[in-house]
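Source file final-v6.txt; content: compact mmCIF, C-alpha atoms.
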# COMPACT_ATOMS: atom_id res chain seq x y z
CA ASN A 145 43.74 -15.28 -73.12
CA LYS A 146 43.51 -14.04 -76.72
CA GLU A 147 42.96 -10.42 -75.72
CA THR A 148 45.79 -10.10 -73.16
CA SER A 149 48.15 -12.86 -74.40
CA ARG A 150 48.59 -13.86 -70.75
CA ILE A 151 47.71 -16.84 -68.59
CA HIS A 152 44.89 -16.12 -66.14
CA THR A 153 43.97 -18.46 -63.30
CA SER A 154 40.46 -18.80 -61.82
CA TYR A 155 40.04 -18.43 -58.06
CA ASN A 156 37.37 -20.39 -56.23
CA GLN A 157 35.97 -18.99 -52.98
CA ALA A 158 34.00 -21.95 -51.65
CA VAL A 159 35.98 -25.09 -52.49
CA THR A 160 38.49 -25.63 -49.68
CA ALA A 161 37.29 -26.64 -46.22
CA THR A 162 39.79 -24.27 -44.60
CA GLY A 163 38.45 -21.18 -46.39
CA ARG A 164 41.53 -20.63 -48.52
CA LEU A 165 41.09 -19.56 -52.11
CA SER A 166 41.85 -22.35 -54.55
CA SER A 167 43.35 -21.79 -57.99
CA THR A 168 42.32 -23.73 -61.10
CA ASN A 169 42.78 -23.80 -64.85
CA PRO A 170 45.71 -23.50 -64.35
CA ASN A 171 46.52 -24.04 -60.68
CA LEU A 172 49.12 -21.34 -60.03
CA GLN A 173 49.24 -22.07 -56.30
CA ASN A 174 50.94 -25.39 -56.92
CA ILE A 175 54.14 -24.30 -58.65
CA PRO A 176 57.16 -25.35 -56.59
CA VAL A 177 59.78 -22.81 -55.58
CA ARG A 178 62.56 -24.69 -53.80
CA ASP A 179 63.42 -27.63 -56.05
CA ALA A 180 65.42 -27.70 -59.27
CA LEU A 181 62.33 -28.15 -61.45
CA GLY A 182 60.34 -25.36 -59.84
CA LYS A 183 62.90 -22.58 -60.09
CA PRO A 184 63.02 -22.25 -63.91
CA ILE A 185 59.21 -22.48 -63.99
CA ARG A 186 58.94 -19.60 -61.50
CA ALA A 187 61.43 -17.65 -63.61
CA ALA A 188 59.06 -17.99 -66.59
CA PHE A 189 56.50 -15.77 -64.82
CA VAL A 190 57.55 -12.24 -65.72
CA ALA A 191 56.34 -8.67 -65.30
CA SER A 192 54.01 -7.34 -67.99
CA ASP A 193 56.62 -5.16 -69.74
CA ALA A 194 59.90 -3.29 -69.26
CA GLU A 195 58.17 -0.58 -67.21
CA HIS A 196 56.90 -3.15 -64.70
CA THR A 197 58.45 -5.49 -62.15
CA LEU A 198 56.99 -8.20 -59.92
CA VAL A 199 56.59 -7.56 -56.19
CA ALA A 200 55.96 -10.55 -53.91
CA ALA A 201 54.87 -10.17 -50.27
CA ASP A 202 54.74 -13.27 -48.07
CA TYR A 203 53.57 -13.62 -44.45
CA SER A 204 56.37 -14.98 -42.30
CA GLN A 205 55.36 -18.13 -40.36
CA ILE A 206 51.79 -16.90 -39.98
CA GLU A 207 50.37 -20.23 -38.80
CA LEU A 208 52.95 -20.59 -36.02
CA ARG A 209 52.23 -17.02 -34.97
CA LEU A 210 48.52 -17.85 -34.84
CA MET A 211 49.29 -20.96 -32.77
CA ALA A 212 51.18 -18.72 -30.33
CA HIS A 213 48.28 -16.25 -30.18
CA LEU A 214 45.49 -18.82 -29.88
CA SER A 215 47.28 -20.90 -27.26
CA GLY A 216 48.65 -17.94 -25.34
CA ASP A 217 51.91 -19.83 -24.82
CA GLU A 218 54.28 -17.33 -23.19
CA ALA A 219 57.52 -18.91 -24.45
CA LEU A 220 56.36 -18.95 -28.06
CA ILE A 221 54.90 -15.43 -27.84
CA GLU A 222 58.13 -14.06 -26.34
CA ALA A 223 60.26 -15.74 -29.02
CA PHE A 224 58.21 -14.05 -31.76
CA LYS A 225 58.25 -10.69 -29.98
CA GLN A 226 62.05 -10.86 -29.74
CA GLY A 227 62.31 -11.72 -33.44
CA GLU A 228 64.12 -14.99 -32.73
CA ASP A 229 64.59 -17.82 -35.21
CA ILE A 230 61.52 -19.66 -33.94
CA HIS A 231 62.69 -23.15 -34.94
CA ALA A 232 66.09 -22.65 -33.33
CA ALA A 233 64.37 -21.24 -30.23
CA THR A 234 62.10 -24.29 -30.09
CA ALA A 235 65.09 -26.62 -30.51
CA ALA A 236 66.93 -24.82 -27.70
CA ARG A 237 64.04 -25.54 -25.33
CA LEU A 238 63.60 -29.13 -26.54
CA TYR A 239 67.30 -29.98 -26.19
CA ASN A 240 67.98 -27.74 -23.17
CA LYS A 241 70.79 -25.70 -24.70
CA GLY A 242 71.51 -22.20 -25.94
CA VAL A 243 70.16 -21.10 -29.33
CA ALA A 244 73.73 -20.68 -30.63
CA GLU A 245 74.48 -24.30 -29.73
CA VAL A 246 71.56 -25.77 -31.71
CA SER A 247 72.68 -27.98 -34.60
CA SER A 248 71.05 -27.93 -38.05
CA ASP A 249 69.57 -31.40 -37.41
CA GLU A 250 68.09 -30.27 -34.09
CA ARG A 251 66.60 -27.18 -35.74
CA ARG A 252 65.13 -29.36 -38.51
CA SER A 253 63.54 -31.68 -35.94
CA ALA A 254 62.09 -28.69 -34.08
CA LYS A 255 60.75 -27.20 -37.31
CA THR A 256 59.03 -30.48 -38.20
CA ALA A 257 57.60 -30.68 -34.68
CA ASN A 258 56.42 -27.03 -34.79
CA PHE A 259 54.43 -27.56 -37.97
CA GLY A 260 53.46 -31.15 -37.22
CA ILE A 261 51.90 -30.31 -33.86
CA MET A 262 49.53 -27.88 -35.61
CA TYR A 263 48.32 -30.73 -37.79
CA GLY A 264 47.88 -33.14 -34.88
CA ILE A 265 50.84 -35.27 -35.92
CA SER A 266 51.28 -38.64 -34.21
CA SER A 267 54.55 -40.14 -33.00
CA PHE A 268 54.35 -42.50 -35.98
CA GLY A 269 53.88 -39.56 -38.39
CA LEU A 270 56.76 -37.62 -36.85
CA SER A 271 59.03 -40.67 -36.95
CA GLN A 272 58.24 -41.08 -40.65
CA ARG A 273 59.01 -37.44 -41.45
CA LEU A 274 62.23 -37.30 -39.47
CA LYS A 275 63.27 -40.87 -40.30
CA ILE A 276 63.80 -41.68 -36.63
CA GLY A 277 62.47 -44.36 -34.28
CA ARG A 278 58.93 -44.10 -32.99
CA GLY A 279 60.15 -43.94 -29.39
CA GLU A 280 62.41 -40.99 -30.17
CA ALA A 281 59.56 -39.23 -31.99
CA LYS A 282 57.25 -39.84 -29.04
CA LYS A 283 59.81 -38.24 -26.72
CA ILE A 284 60.12 -35.18 -28.97
CA ILE A 285 56.33 -34.67 -28.85
CA GLU A 286 56.25 -35.19 -25.07
CA ASP A 287 59.16 -32.76 -24.59
CA TYR A 288 57.45 -30.26 -26.90
CA PHE A 289 54.29 -30.22 -24.81
CA ALA A 290 56.33 -30.09 -21.60
CA ASN A 291 58.13 -26.97 -22.87
CA PHE A 292 55.03 -25.39 -24.42
CA PRO A 293 52.28 -26.44 -21.98
CA ALA A 294 49.75 -23.85 -23.18
CA ILE A 295 49.80 -25.44 -26.65
CA SER A 296 48.91 -28.80 -25.11
CA SER A 297 46.05 -27.14 -23.20
CA TYR A 298 44.88 -25.32 -26.33
CA ILE A 299 44.69 -28.59 -28.27
CA GLU A 300 42.77 -30.35 -25.49
CA ASP A 301 40.36 -27.43 -25.06
CA THR A 302 39.81 -27.21 -28.82
CA LEU A 303 39.03 -30.92 -29.07
CA THR A 304 36.64 -30.75 -26.09
CA ALA A 305 34.76 -27.82 -27.64
CA ALA A 306 34.66 -29.53 -31.04
CA ARG A 307 33.16 -32.69 -29.53
CA GLU A 308 30.52 -30.64 -27.69
CA ASN A 309 29.63 -28.22 -30.51
CA GLY A 310 30.35 -30.26 -33.63
CA TYR A 311 32.44 -27.41 -35.08
CA VAL A 312 35.45 -25.16 -34.51
CA GLU A 313 35.83 -21.45 -35.34
CA THR A 314 38.41 -19.05 -36.70
CA ILE A 315 39.25 -15.86 -34.76
CA PHE A 316 36.74 -14.09 -37.02
CA GLY A 317 33.96 -16.56 -36.17
CA ARG A 318 33.87 -18.59 -39.39
CA LYS A 319 32.88 -22.15 -38.53
CA ARG A 320 34.19 -25.47 -39.77
CA TYR A 321 31.75 -28.28 -39.04
CA LEU A 322 33.17 -31.67 -38.04
CA PRO A 323 30.44 -34.31 -38.31
CA ASP A 324 32.89 -37.15 -37.61
CA ILE A 325 34.40 -35.71 -34.42
CA ASN A 326 32.53 -38.25 -32.25
CA SER A 327 32.65 -41.13 -34.73
CA ARG A 328 33.12 -44.65 -33.37
CA ASN A 329 35.52 -45.32 -36.23
CA ALA A 330 38.93 -44.46 -34.78
CA THR A 331 40.51 -43.60 -38.14
CA VAL A 332 37.66 -41.32 -39.18
CA ARG A 333 37.57 -39.70 -35.73
CA ALA A 334 41.34 -39.11 -35.73
CA LEU A 335 41.10 -37.22 -39.04
CA ALA A 336 38.32 -35.04 -37.64
CA GLU A 337 40.45 -34.36 -34.54
CA ARG A 338 43.42 -33.29 -36.67
CA ASN A 339 41.11 -30.97 -38.61
CA ALA A 340 39.73 -29.59 -35.35
CA ILE A 341 43.23 -28.65 -34.18
CA ASN A 342 44.33 -27.13 -37.47
CA ALA A 343 41.16 -25.48 -38.82
CA PRO A 344 41.12 -22.47 -36.45
CA ILE A 345 44.77 -21.79 -37.35
CA GLN A 346 44.69 -22.37 -41.10
CA GLY A 347 41.20 -20.90 -41.34
CA THR A 348 42.22 -17.69 -39.55
CA SER A 349 45.24 -17.47 -41.85
CA ALA A 350 42.87 -17.72 -44.83
CA ASP A 351 40.65 -14.99 -43.36
CA ILE A 352 43.66 -12.72 -42.77
CA ILE A 353 45.04 -12.97 -46.31
CA LYS A 354 41.60 -12.26 -47.80
CA LEU A 355 41.19 -9.15 -45.63
CA ALA A 356 44.73 -8.12 -46.54
CA MET A 357 43.86 -8.44 -50.25
CA ILE A 358 40.82 -6.19 -49.86
CA LYS A 359 42.61 -3.56 -47.78
CA THR A 360 45.73 -3.52 -49.97
CA ASP A 361 43.77 -3.24 -53.21
CA LYS A 362 41.70 -0.40 -51.73
CA ARG A 363 44.82 1.53 -50.68
CA ILE A 364 46.48 1.05 -54.08
CA ARG A 365 43.44 2.51 -55.83
CA GLN A 366 42.93 5.29 -53.27
CA GLU A 367 46.50 6.49 -53.78
CA GLY A 368 46.17 6.39 -57.56
CA LEU A 369 48.81 3.75 -58.24
CA GLN A 370 48.81 1.88 -61.54
CA SER A 371 50.36 -1.24 -59.98
CA ARG A 372 47.93 -4.15 -59.54
CA MET A 373 47.61 -7.35 -57.50
CA ILE A 374 47.76 -10.34 -59.84
CA LEU A 375 48.19 -13.50 -57.74
CA GLN A 376 47.43 -14.94 -54.31
CA ILE A 377 49.32 -18.06 -53.30
CA HIS A 378 48.15 -19.03 -49.80
CA ASP A 379 50.13 -16.59 -47.60
CA GLU A 380 51.70 -14.65 -50.49
CA LEU A 381 50.48 -11.80 -52.68
CA VAL A 382 52.10 -10.98 -56.03
CA PHE A 383 51.82 -7.62 -57.78
CA ASP A 384 52.59 -6.40 -61.30
CA ALA A 385 54.19 -3.14 -60.22
CA VAL A 386 55.15 -0.02 -62.15
CA VAL A 387 58.91 0.31 -61.57
CA THR A 388 58.61 3.90 -60.34
CA GLU A 389 55.94 2.83 -57.80
CA VAL A 390 57.84 -0.08 -56.22
CA ASP A 391 58.90 1.68 -53.00
CA THR A 392 55.45 3.22 -52.47
CA LEU A 393 53.76 -0.10 -53.19
CA LYS A 394 56.02 -1.98 -50.78
CA ASN A 395 55.19 0.50 -48.02
CA ILE A 396 51.44 0.15 -48.67
CA VAL A 397 51.58 -3.66 -48.81
CA THR A 398 53.65 -3.86 -45.62
CA GLU A 399 51.35 -1.50 -43.70
CA GLU A 400 48.14 -3.24 -44.77
CA MET A 401 49.31 -6.86 -44.48
CA GLU A 402 51.00 -6.42 -41.11
CA ASN A 403 48.10 -4.49 -39.56
CA VAL A 404 45.08 -6.49 -40.70
CA ILE A 405 44.58 -7.74 -37.15
CA LYS A 406 46.27 -7.09 -33.81
CA LEU A 407 47.54 -10.31 -32.25
CA SER A 408 49.65 -10.99 -29.16
CA VAL A 409 52.57 -11.51 -31.58
CA PRO A 410 53.57 -9.28 -34.50
CA LEU A 411 52.51 -10.22 -38.02
CA THR A 412 55.47 -9.69 -40.34
CA ILE A 413 55.96 -10.03 -44.09
CA GLU A 414 58.89 -10.49 -46.43
CA CYS A 415 58.56 -8.22 -49.46
CA ASN A 416 60.85 -8.43 -52.49
CA HIS A 417 60.80 -7.49 -56.17
CA GLY A 418 62.36 -8.71 -59.38
CA LYS A 419 61.76 -9.01 -63.11
CA ASN A 420 60.38 -12.53 -62.64
CA TRP A 421 58.64 -14.50 -59.90
CA LEU A 422 61.80 -16.37 -58.91
CA GLU A 423 63.74 -13.15 -58.35
CA ALA A 424 60.84 -11.60 -56.43
CA HIS A 425 60.35 -14.53 -54.07
As structure tokens:
Amino acid sequence: NKETSRIHTSYNQAVTATGRLSSTNPNLQNIPVRDALGKPIRAAFVASDAEHTLVAADYSQIELRLMAHLSGDEALIEAFKQGEDIHAATAARLYNKGVAEVSSDERRSAKTANFGIMYGISSFGLSQRLKIGRGEAKKIIEDYFANFPAISSYIEDTLTAARENGYVETIFGRKRYLPDINSRNATVRALAERNAINAPIQGTSADIIKLAMIKTDKRIRQEGLQSRMILQIHDELVFDAVVTEVDTLKNIVTEEMENVIKLSVPLTIECNHGKNWLEAH
């Protein structure tokens, strides 16, 4: 931008089927953070001047927390309430051992299963991701549902309602229509079924972050802060913060993001700051 000498993205409200904001021209939601290429790119995003720093606040495992809430699964809810490492806790149940005894490979398998189940993953899909045999993947999924029976019931109930109604809903009542949910084409129907399972979770997550943006921005302005929200990346908000306001801003952001909605599990965020986006993440 010639006036500000900064890059500005455009956010689109009605592009994604899940209700998430999408970012274009340029897409700032698609910049990697974990790989070797992404890190120096993240480091190139800096605060506006020496008197400012970047603050990044990210919901912790929000979709898994929503799965726990929507399904009402007692084991998953209890694990979140106790602040456990949820993937290690899942692995402990899957492999029938103590959390301290879980290996890194077992935790990785449980993590893939945790997220995969939300997207209606098949035994073939899980075997591909974990690079294991299809039979072993099938057993992991079967063991998962045996240990978290309410999740299995939630998925079946969601699919039944979707077939009857032709749509699914977020917690806030926003609908996602699924015209192919009763299709005779198995491939087309399977995609609609995966969307039916995931849309209430990912859609509610999208609703929550939007409400958090509104509430946080309102508080910042009410309290007369000069810090401003500058980016939304799915479950993360980034602020250009006045250095002297960082502690106050973090308190506001934490209060507003964690209390947008009361669920059966706590919503928690990780909030950090740094001179660039890599340091703040």
Item to check | Polymer residues at most 10 Å from (66.1, -16.2, -58.7) by all atoms listed in the file, as a PyMOL selection string | outcome: chain A and resi 177+183-184+186-187+418-425
Item to check | Straight-line distance linking atom CA of Arg363 of chain A with atom CA of Val404 of chain A, stated in Å to one decimal | outcome: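 Here the two named atoms are 12.8 Å from each other.
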Item to check | Residue neighbourhood segment 313-317 of chain A, 12 Å, all atoms listed in the file, exclusion window fewer than 4 positions, as a VMD selection string | outcome: chain A and resid 162 to 163 210 to 211 213 to 214 302 to 303 305 to 306 309 321 to 322 339 to 352 354 to 355 404 to 407
Checklist entry - Any idea what's packed within 12 Å of Ala281 of chain A, counting only C-alpha atoms, ignoring anything in its chain fewer than 6 positions away? Could you give it as a ChimeraX atom specification? => result /A:253-254,256-257,260-261,265-275,287-288
Checklist entry - Do you know which residues are at most 7 Å from segment 235-238 of chain A counting all atoms listed in the file, after dropping those on the same chain fewer than 2 positions away, and could you put them as a ChimeraX atom specification? => result /A:231-233,240-243,246,250-251,254,287-288,291
Checklist entry - Mind pulling up the distance from atom CA of Pro293 of chain A to atom CA of Lys319 of chain A? => result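 Separation of atom CA of Lys319 of chain A and atom CA of Pro293 of chain A: 25.9 Å.
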Checklist entry - Which is closer to Ala356 of chain A than all the others in A:His378, A:Lys282, A:Arg209, A:Arg318, using all atoms listed in the file? => result A:His378
Checklist outcome for this item: One residue among A:Val397, A:Val387, A:Ile353, A:Ile299 is nearest to Ala191 of chain A when using all atoms listed in the file, and that residue is A:Val387
Checklist entry - At what distance in Å, to one decimal, does atom CA of Ile413 of chain A lie from atom CA of Asp202 of chain A? => result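 Separation of atom CA of Asp202 of chain A and atom CA of Ile413 of chain A: 5.3 Å.
Distance annotation: of A:Ala290, A:Ala188, A:Leu411, A:Ala180, the residue with the minimal separation from Leu208 of chain A is A:Leu411; atom set is only C-alpha atoms.
Close contacts of Leu220 of chain A, defined as residues with an atom at most 8 Å away when counting only C-alpha atoms, with chain neighbours fewer than 3 positions off set aside, comprise Ala212, Asp217, Ala223, Phe224, Ile230 and Phe292 of chain A.
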